[in-house]
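Note: the block below is query32.txt and it holds compact mmCIF, C-alpha atoms.
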```txt
# COMPACT_ATOMS: atom_id res chain seq x y z
CA MET A 158 46.55 10.57 36.42
CA LEU A 159 44.22 13.23 35.24
CA ARG A 160 42.08 13.92 32.25
CA ALA A 161 40.25 17.07 31.09
CA ALA A 162 36.59 18.16 31.14
CA ALA A 163 34.44 20.87 29.42
CA ALA A 164 31.80 23.57 30.13
CA VAL A 165 28.53 23.57 32.05
CA ALA A 166 25.93 21.40 30.33
CA ALA A 167 23.06 21.11 32.81
CA GLY A 168 21.24 17.86 32.62
CA ALA A 169 23.74 16.46 30.08
CA ALA A 170 23.75 12.73 29.73
CA ALA A 171 26.20 9.92 30.16
CA THR A 172 29.24 8.19 28.80
CA ALA A 173 30.13 7.53 25.20
CA CYS A 174 28.48 4.68 23.31
CA THR A 175 30.29 2.39 20.94
CA ARG A 176 29.02 2.82 17.42
CA GLY A 177 29.29 0.27 14.67
CA GLY A 178 31.47 1.30 11.72
CA ALA A 179 30.32 1.31 8.08
CA ASP A 180 30.71 -1.88 6.01
CA PRO A 181 33.07 -1.11 3.06
CA ALA A 182 31.21 -3.52 0.78
CA ALA A 183 27.89 -1.95 1.61
CA ALA A 184 29.33 1.48 0.98
CA ARG A 185 30.07 0.42 -2.61
CA ALA A 186 26.57 -0.93 -3.15
CA THR A 187 24.04 1.07 -5.13
CA ALA A 188 21.54 1.10 -2.25
CA PRO A 189 22.65 2.63 1.06
CA ALA A 190 23.33 0.18 3.85
CA THR A 191 21.08 0.15 6.87
CA PRO A 192 23.06 1.83 9.69
CA ARG A 193 23.92 -0.30 12.68
CA PRO A 194 22.32 0.80 15.95
CA ALA A 195 24.57 2.19 18.65
CA SER A 196 25.61 -0.36 21.24
CA PRO A 197 24.01 0.13 24.66
CA ARG A 198 26.17 1.80 27.28
CA PRO A 199 27.61 -0.86 29.58
CA ALA A 200 26.63 -0.77 33.22
CA HIS A 201 29.56 -0.28 35.60
CA ALA A 202 29.65 -2.34 38.75
CA ALA A 203 30.05 -0.69 42.13
CA ARG A 204 33.42 -1.31 43.74
CA PRO A 205 33.69 -2.75 47.24
CA PRO A 206 35.84 -0.89 49.78
CA THR A 207 39.34 -0.40 48.43
CA ARG A 208 42.24 -2.17 50.12
CA ALA A 209 45.67 -0.70 49.50
CA PRO A 210 48.24 -2.89 51.26
CA GLY A 211 51.16 -0.92 52.62
CA LEU A 212 49.26 2.36 52.80
CA PRO A 213 48.15 3.92 56.10
CA ALA A 214 44.65 3.69 57.52
CA GLN A 215 44.13 7.34 56.54
CA ILE A 216 45.16 8.24 52.99
CA ALA A 217 45.77 11.87 51.97
CA HIS A 218 47.55 11.38 48.65
CA GLY A 219 48.86 8.79 46.24
CA PRO A 220 52.33 8.11 44.81
CA ARG A 221 54.28 11.28 44.03
CA ARG A 222 56.09 9.59 41.17
CA GLY A 223 53.67 9.15 38.34
CA ASP A 224 51.18 11.01 36.19
CA ALA A 225 47.94 10.61 38.16
CA VAL A 226 45.81 12.69 40.48
CA ALA A 227 42.38 12.05 42.01
CA LEU A 228 39.61 14.65 41.87
CA THR A 229 37.24 13.78 44.72
CA PHE A 230 33.81 15.34 45.13
CA HIS A 231 31.49 15.89 48.04
CA GLY A 232 28.27 14.32 46.71
CA GLN A 233 25.36 16.63 47.38
CA GLY A 234 23.41 19.39 45.67
CA ASP A 235 21.30 20.01 42.57
CA PRO A 236 21.31 16.82 40.45
CA LYS A 237 21.35 18.86 37.22
CA THR A 238 24.53 20.61 38.33
CA ALA A 239 26.03 17.28 39.40
CA THR A 240 25.11 15.66 36.09
CA ALA A 241 26.61 18.56 34.14
CA LEU A 242 29.88 18.16 36.00
CA LEU A 243 29.99 14.40 35.46
CA SER A 244 29.30 14.87 31.75
CA GLU A 245 32.10 17.40 31.43
CA ALA A 246 34.51 14.99 33.09
CA GLU A 247 33.45 12.15 30.82
CA ARG A 248 33.81 14.30 27.71
CA ALA A 249 37.45 14.83 28.65
CA GLY A 250 38.08 11.20 29.62
CA ALA A 251 38.45 11.99 33.33
CA ARG A 252 37.22 9.68 36.07
CA LEU A 253 36.18 11.08 39.43
CA THR A 254 35.55 9.85 42.96
CA VAL A 255 32.24 10.99 44.48
CA LEU A 256 31.75 10.70 48.24
CA ALA A 257 27.98 10.85 48.63
CA VAL A 258 26.00 12.18 51.59
CA GLY A 259 23.38 9.61 52.59
CA THR A 260 20.45 12.00 52.76
CA TRP A 261 21.30 13.17 49.23
CA LEU A 262 21.06 9.56 48.07
CA ASP A 263 17.64 9.37 49.74
CA GLU A 264 16.52 12.41 47.75
CA GLN A 265 18.34 11.55 44.51
CA PRO A 266 18.72 7.75 44.36
CA ALA A 267 19.23 7.76 40.57
CA MET A 268 22.49 9.70 41.02
CA ALA A 269 24.22 6.61 42.43
CA ARG A 270 23.76 4.72 39.14
CA ARG A 271 24.50 7.86 37.10
CA ILE A 272 27.88 8.20 38.83
CA LEU A 273 28.79 4.55 38.36
CA ASP A 274 27.59 4.38 34.76
CA GLY A 275 29.95 7.25 33.95
CA GLY A 276 32.87 5.08 35.04
CA HIS A 277 33.35 7.04 38.26
CA GLU A 278 33.83 5.79 41.81
CA LEU A 279 31.28 6.12 44.60
CA GLY A 280 31.90 6.31 48.33
CA ASN A 281 30.51 7.33 51.72
CA HIS A 282 30.52 10.89 53.15
CA THR A 283 28.30 10.13 56.17
CA LEU A 284 24.54 10.18 56.46
CA HIS A 285 23.83 13.81 57.43
CA HIS A 286 27.20 15.57 56.90
CA ARG A 287 27.59 16.60 60.53
CA THR A 288 30.80 17.29 62.46
CA ILE A 289 31.57 13.62 62.90
CA CYS A 290 34.78 13.94 64.92
CA ALA A 291 32.91 15.82 67.67
CA MET A 292 30.02 13.34 67.92
CA PRO A 293 29.57 10.62 70.56
CA GLU A 294 30.86 7.27 69.37
CA ASP A 295 27.47 5.64 68.80
CA GLU A 296 26.21 8.63 66.80
CA ALA A 297 29.38 8.83 64.73
CA TYR A 298 29.14 5.13 63.93
CA ALA A 299 25.50 5.58 62.90
CA GLU A 300 26.55 8.36 60.53
CA ILE A 301 28.98 5.99 58.80
CA THR A 302 26.72 2.94 58.68
CA GLY A 303 23.63 4.93 57.74
CA CYS A 304 25.25 6.10 54.50
CA ALA A 305 26.80 2.66 53.96
CA ASP A 306 23.32 1.11 54.14
CA ARG A 307 22.01 3.49 51.47
CA LEU A 308 24.94 2.69 49.20
CA ARG A 309 24.47 -1.05 49.67
CA THR A 310 20.77 -0.82 48.85
CA LEU A 311 21.39 1.24 45.70
CA THR A 312 24.56 -0.39 44.38
CA GLY A 313 25.19 -3.67 46.18
CA THR A 314 28.27 -2.47 48.11
CA ILE A 315 29.03 0.06 50.83
CA GLY A 316 31.20 2.07 48.44
CA SER A 317 34.91 2.26 47.75
CA TRP A 318 35.88 4.84 50.36
CA PHE A 319 34.76 6.59 53.51
CA ARG A 320 35.51 10.27 53.97
CA PRO A 321 34.63 11.98 57.27
CA SER A 322 32.37 15.00 57.18
CA ARG A 323 33.38 18.57 58.08
CA THR A 324 37.04 17.75 58.58
CA GLN A 325 40.10 17.08 56.49
CA TYR A 326 41.45 14.39 58.80
CA ALA A 327 39.57 11.85 60.88
CA THR A 328 40.42 11.26 64.50
CA ASP A 329 41.78 7.87 65.52
CA ARG A 330 38.33 7.02 66.89
CA VAL A 331 36.60 7.78 63.56
CA VAL A 332 39.25 5.76 61.70
CA ARG A 333 38.51 2.85 64.02
CA LEU A 334 34.74 3.22 63.54
CA ALA A 335 35.14 3.33 59.77
CA ARG A 336 37.19 0.12 59.87
CA ARG A 337 34.49 -1.49 62.01
CA ALA A 338 31.89 -0.46 59.39
CA GLY A 339 33.92 -2.17 56.67
CA TYR A 340 36.24 0.52 55.29
CA PRO A 341 39.96 -0.41 55.49
CA HIS A 342 40.97 3.20 54.81
CA VAL A 343 39.68 6.69 55.48
CA LEU A 344 40.10 9.01 52.51
CA SER A 345 41.49 12.46 53.31
CA TYR A 346 43.03 14.89 50.79
CA ASP A 347 46.10 17.06 50.42
CA LEU A 348 44.57 19.90 48.36
CA ASP A 349 41.36 21.80 49.15
CA SER A 350 39.94 23.63 46.13
CA LEU A 351 37.91 25.92 48.44
CA ASP A 352 35.10 25.73 45.89
CA ALA A 353 32.47 25.36 48.63
CA ASP A 354 32.92 29.09 49.32
CA ASP A 355 31.85 29.86 45.71
CA PRO A 356 34.84 32.11 44.91
CA GLY A 357 34.21 31.82 41.15
CA ALA A 358 35.49 29.45 38.51
CA SER A 359 38.78 31.29 37.95
CA ALA A 360 39.68 31.19 41.64
CA VAL A 361 38.86 27.47 41.87
CA ARG A 362 41.00 26.77 38.80
CA ARG A 363 43.95 28.76 40.21
CA THR A 364 43.75 27.09 43.62
CA VAL A 365 43.78 23.62 42.13
CA LEU A 366 46.43 24.18 39.47
CA ASP A 367 48.71 26.16 41.81
CA GLY A 368 48.66 23.42 44.43
CA VAL A 369 48.34 20.15 42.55
CA ARG A 370 51.20 17.64 42.41
CA PRO A 371 51.49 14.11 41.08
CA GLY A 372 49.56 11.90 43.47
CA SER A 373 47.37 14.70 44.82
CA VAL A 374 43.89 13.98 46.15
CA VAL A 375 41.85 17.13 45.52
CA SER A 376 38.70 18.03 47.47
CA LEU A 377 35.86 19.53 45.38
CA HIS A 378 32.05 19.69 45.46
CA LEU A 379 29.36 18.55 43.02
CA GLY A 380 26.66 21.11 43.73
CA HIS A 381 28.39 24.36 42.76
CA PRO A 382 28.05 25.87 39.25
CA GLY A 383 31.45 27.55 39.62
CA THR A 384 33.04 24.13 40.04
CA VAL A 385 31.39 22.89 36.85
CA ALA A 386 32.75 25.91 34.98
CA ALA A 387 36.20 25.42 36.52
CA LEU A 388 36.49 21.73 35.66
CA PRO A 389 37.36 22.01 31.92
CA PRO A 390 40.27 24.44 32.47
CA ILE A 391 41.45 22.39 35.46
CA LEU A 392 41.54 19.26 33.35
CA ASP A 393 43.19 21.11 30.50
CA GLY A 394 45.84 22.44 32.88
CA LEU A 395 46.47 18.95 34.23
CA HIS A 396 46.77 17.59 30.70
CA ARG A 397 49.33 20.24 29.80
CA ARG A 398 51.44 19.02 32.74
CA GLY A 399 51.16 15.41 31.65
CA LEU A 400 48.74 14.52 34.45
CA ARG A 401 45.57 12.44 34.30
CA ALA A 402 42.45 12.48 36.49
CA VAL A 403 41.69 8.96 37.69
CA THR A 404 39.63 7.36 40.42
CA THR A 405 41.23 7.25 43.84
CA THR A 406 41.40 3.47 43.69
CA GLU A 407 43.36 3.67 40.45
CA LEU A 408 45.63 6.28 41.99
CA VAL A 409 46.66 4.24 45.01
CA THR A 410 46.58 0.64 43.78
```
As structure tokens, how would this structure be written, given the file I've shared?
Amino acid sequence: MLRAAAAVAAGAAATACTRGGADPAAARATAPATPRPASPRPAHAARPPTRAPGLPAQIAHGPRRGDAVALTFHGQGDPKTATALLSEAERAGARLTVLAVGTWLDEQPAMARRILDGGHELGNHTLHHRTICAMPEDEAYAEITGCADRLRTLTGTIGSWFRPSRTQYATDRVVRLARRAGYPHVLSYDLDSLDADDPGASAVRRTVLDGVRPGSVVSLHLGHPGTVAALPPILDGLHRRGLRAVTTTELVT
């Protein structure tokens, strides 16, 4: 289920506010009515780890019959670039899943609330973004729990999903360690946008739109200007196909 987003707007702000409508009686009065103030933007609660009964421990895509896809983002990089991307998604009504690196949360703690307040989903992408499947068991577990601890401190939960770092698929051992840390599922993906190589916005758009299918989980990155520029045409292309961009939890549950 996808939705569309717009162009790069560095440092752009948050989600839409609800505004009070004009009173018809006041509009007929000789003196202008005092406008109602905009309602404050509601805070969005952090989701606990997602449980999807009947789905495998490692999830690479959602249902193929439907109109939804999940755009999932490696959470790291310049916060202005990240905020611009989130704002573009929100402008188009899209909701994203951000898998944050723990050290990025240490440097940019306000981004956790910014992501949630935009109606997006927040998860765990390890503490240091190392090659987790090649690490000794105790170190790999510390990578998972270290990021989980940051998320819990900032949001009250350990995040909706765990995604392993520097690999598309987790090993059985990493799946087991993630479950031990509190994540029922490991989140993989079935479509890599290749945006981390900075091939340019047009190439990112083509890669995503050429490969996407209903139920796809797409891997993207927050900290790349080319990804911000590619997001509006990606969302427009999804919309033209009758697809919507939703959180991963909405996709699979």
CA of Gln215 in chain A to CA of Asp393 in chain A, straight-line distance in Å |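 Interatomic distance here is 29.5 Å.
For the choices A:Ala353, A:Ala227, A:Leu366, A:Ala299, the atom-to-atom distance to Arg337 in chain A is smallest for A:Ala299 when using only C-alpha atoms.
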Edge lengths and centre in Å, axis-aligned, range 280-284 of chain A plus 4 Å each side, as lines of an AutoDock Vina configuration file:
```
center_x = 28.2
center_y = 8.6
center_z = 52.4
size_x = 15.4
size_y = 12.6
size_z = 16.1
```
Residue contacts of Ile272 in chain A (12 Å, all atoms listed in the file) excluding same-chain residues fewer than 4 positions away, as a VMD selection string = chain A and resid 170 to 172 200 to 203 230 232 236 239 to 244 246 to 247 252 to 257 262 265 to 268 276 to 280 311 to 312 316 379 404
Expressed in Å to a single decimal, how great is the separation between CA of Arg287 in chain A and CA of Arg323 in chain A?
->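 So the answer is 6.6 Å.
Proximity of A:Asp355, A:Thr260, A:Ala335, A:Arg271 to Ala297 in chain A, computed with all atoms listed in the file, is greatest for A:Ala335.
Taking all atoms listed in the file into account, Gly380 in chain A lies nearest to A:Val258 out of the set A:Val258, A:Leu308, A:Leu392, A:Ala360.
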Have a look at CA of His218 in chain A and CA of Ser373 in chain A and let me know their distance in Å, one decimal.
->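 Spanning CA of His218 in chain A to CA of Ser373 in chain A is a straight-line distance of 5.1 Å.
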Between A:Val374, A:Ile289, A:Ile301, A:Leu212, which one has atoms that come closest to Val226 in chain A, using only C-alpha atoms?
->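 Nearest to Val226 in chain A: A:Val374.
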Identify which of the residues A:Gly259, A:Gly368, A:Gly219, A:Gly303 lies closest to His231 in chain A, counting all atoms listed in the file when measuring atom-to-atom distances.
->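 So, comparing all the options, the nearest one is A:Gly259.
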Nearest residue to His282 in chain A from the set A:Asp306, A:Glu300, A:Asp224, A:Asp354 (distances using all atoms listed in the file) | A:Glu300
With all atoms listed in the file as the counted atoms, please give the residues lying no more than 7 Å from Ile216 in chain A, apart from itself and same-chain residues fewer than 6 positions off, as a PDB file with C-alpha atoms, in the coordinates of the input.
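So around02.pdb came out as:
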```pdb
ATOM      1  CA  HIS A 342      40.970   3.200  54.810  1.00  0.00           C
ATOM      2  CA  VAL A 343      39.680   6.690  55.480  1.00  0.00           C
ATOM      3  CA  LEU A 344      40.100   9.010  52.510  1.00  0.00           C
ATOM      4  CA  SER A 345      41.490  12.460  53.310  1.00  0.00           C
TER       5      SER A 345
END
```
Spatial neighbours of Ala209 in chain A, 10 Å, all atoms listed in the file, chain gap at least 5 places, as a list in words | Ala214, Ile216, Pro341, His342, Thr406, Val409 and Thr410 of chain A
What would the file look like if the residues just selected were written as a short mmCIF file (atom, residue, chain, number, x, y, z; two decimals), in the coordinates of the input with C-alpha atoms?
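Result saved to out35.cif:
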```
data_model
loop_
_atom_site.label_atom_id
_atom_site.label_comp_id
_atom_site.auth_asym_id
_atom_site.auth_seq_id
_atom_site.Cartn_x
_atom_site.Cartn_y
_atom_site.Cartn_z
CA ALA A 214 44.65 3.69 57.52
CA ILE A 216 45.16 8.24 52.99
CA PRO A 341 39.96 -0.41 55.49
CA HIS A 342 40.97 3.20 54.81
CA THR A 406 41.40 3.47 43.69
CA VAL A 409 46.66 4.24 45.01
CA THR A 410 46.58 0.64 43.78
#
```
Residues within 12 Å of Val365 in chain A, all atoms listed in the file, excluding chain neighbours under 3 positions, as a PyMOL selection string | chain A and resi 226-228+347-352+358-362+368-370+373-377+384+387-388+390-395
Write out as an mmCIF file with C-alpha atoms, in the frame of the given file which residues come within 10 Å of Gly223 in chain A when counting only C-alpha atoms, dropping same-chain ones fewer than 5 positions away.
```cif
data_model
loop_
_atom_site.group_PDB
_atom_site.id
_atom_site.type_symbol
_atom_site.label_atom_id
_atom_site.label_comp_id
_atom_site.auth_asym_id
_atom_site.auth_seq_id
_atom_site.Cartn_x
_atom_site.Cartn_y
_atom_site.Cartn_z
ATOM 1 C CA MET A 158 46.550 10.570 36.420
ATOM 2 C CA ARG A 370 51.200 17.640 42.410
ATOM 3 C CA PRO A 371 51.490 14.110 41.080
ATOM 4 C CA GLY A 372 49.560 11.900 43.470
ATOM 5 C CA GLY A 399 51.160 15.410 31.650
ATOM 6 C CA LEU A 400 48.740 14.520 34.450
ATOM 7 C CA ARG A 401 45.570 12.440 34.300
ATOM 8 C CA LEU A 408 45.630 6.280 41.990
#
```
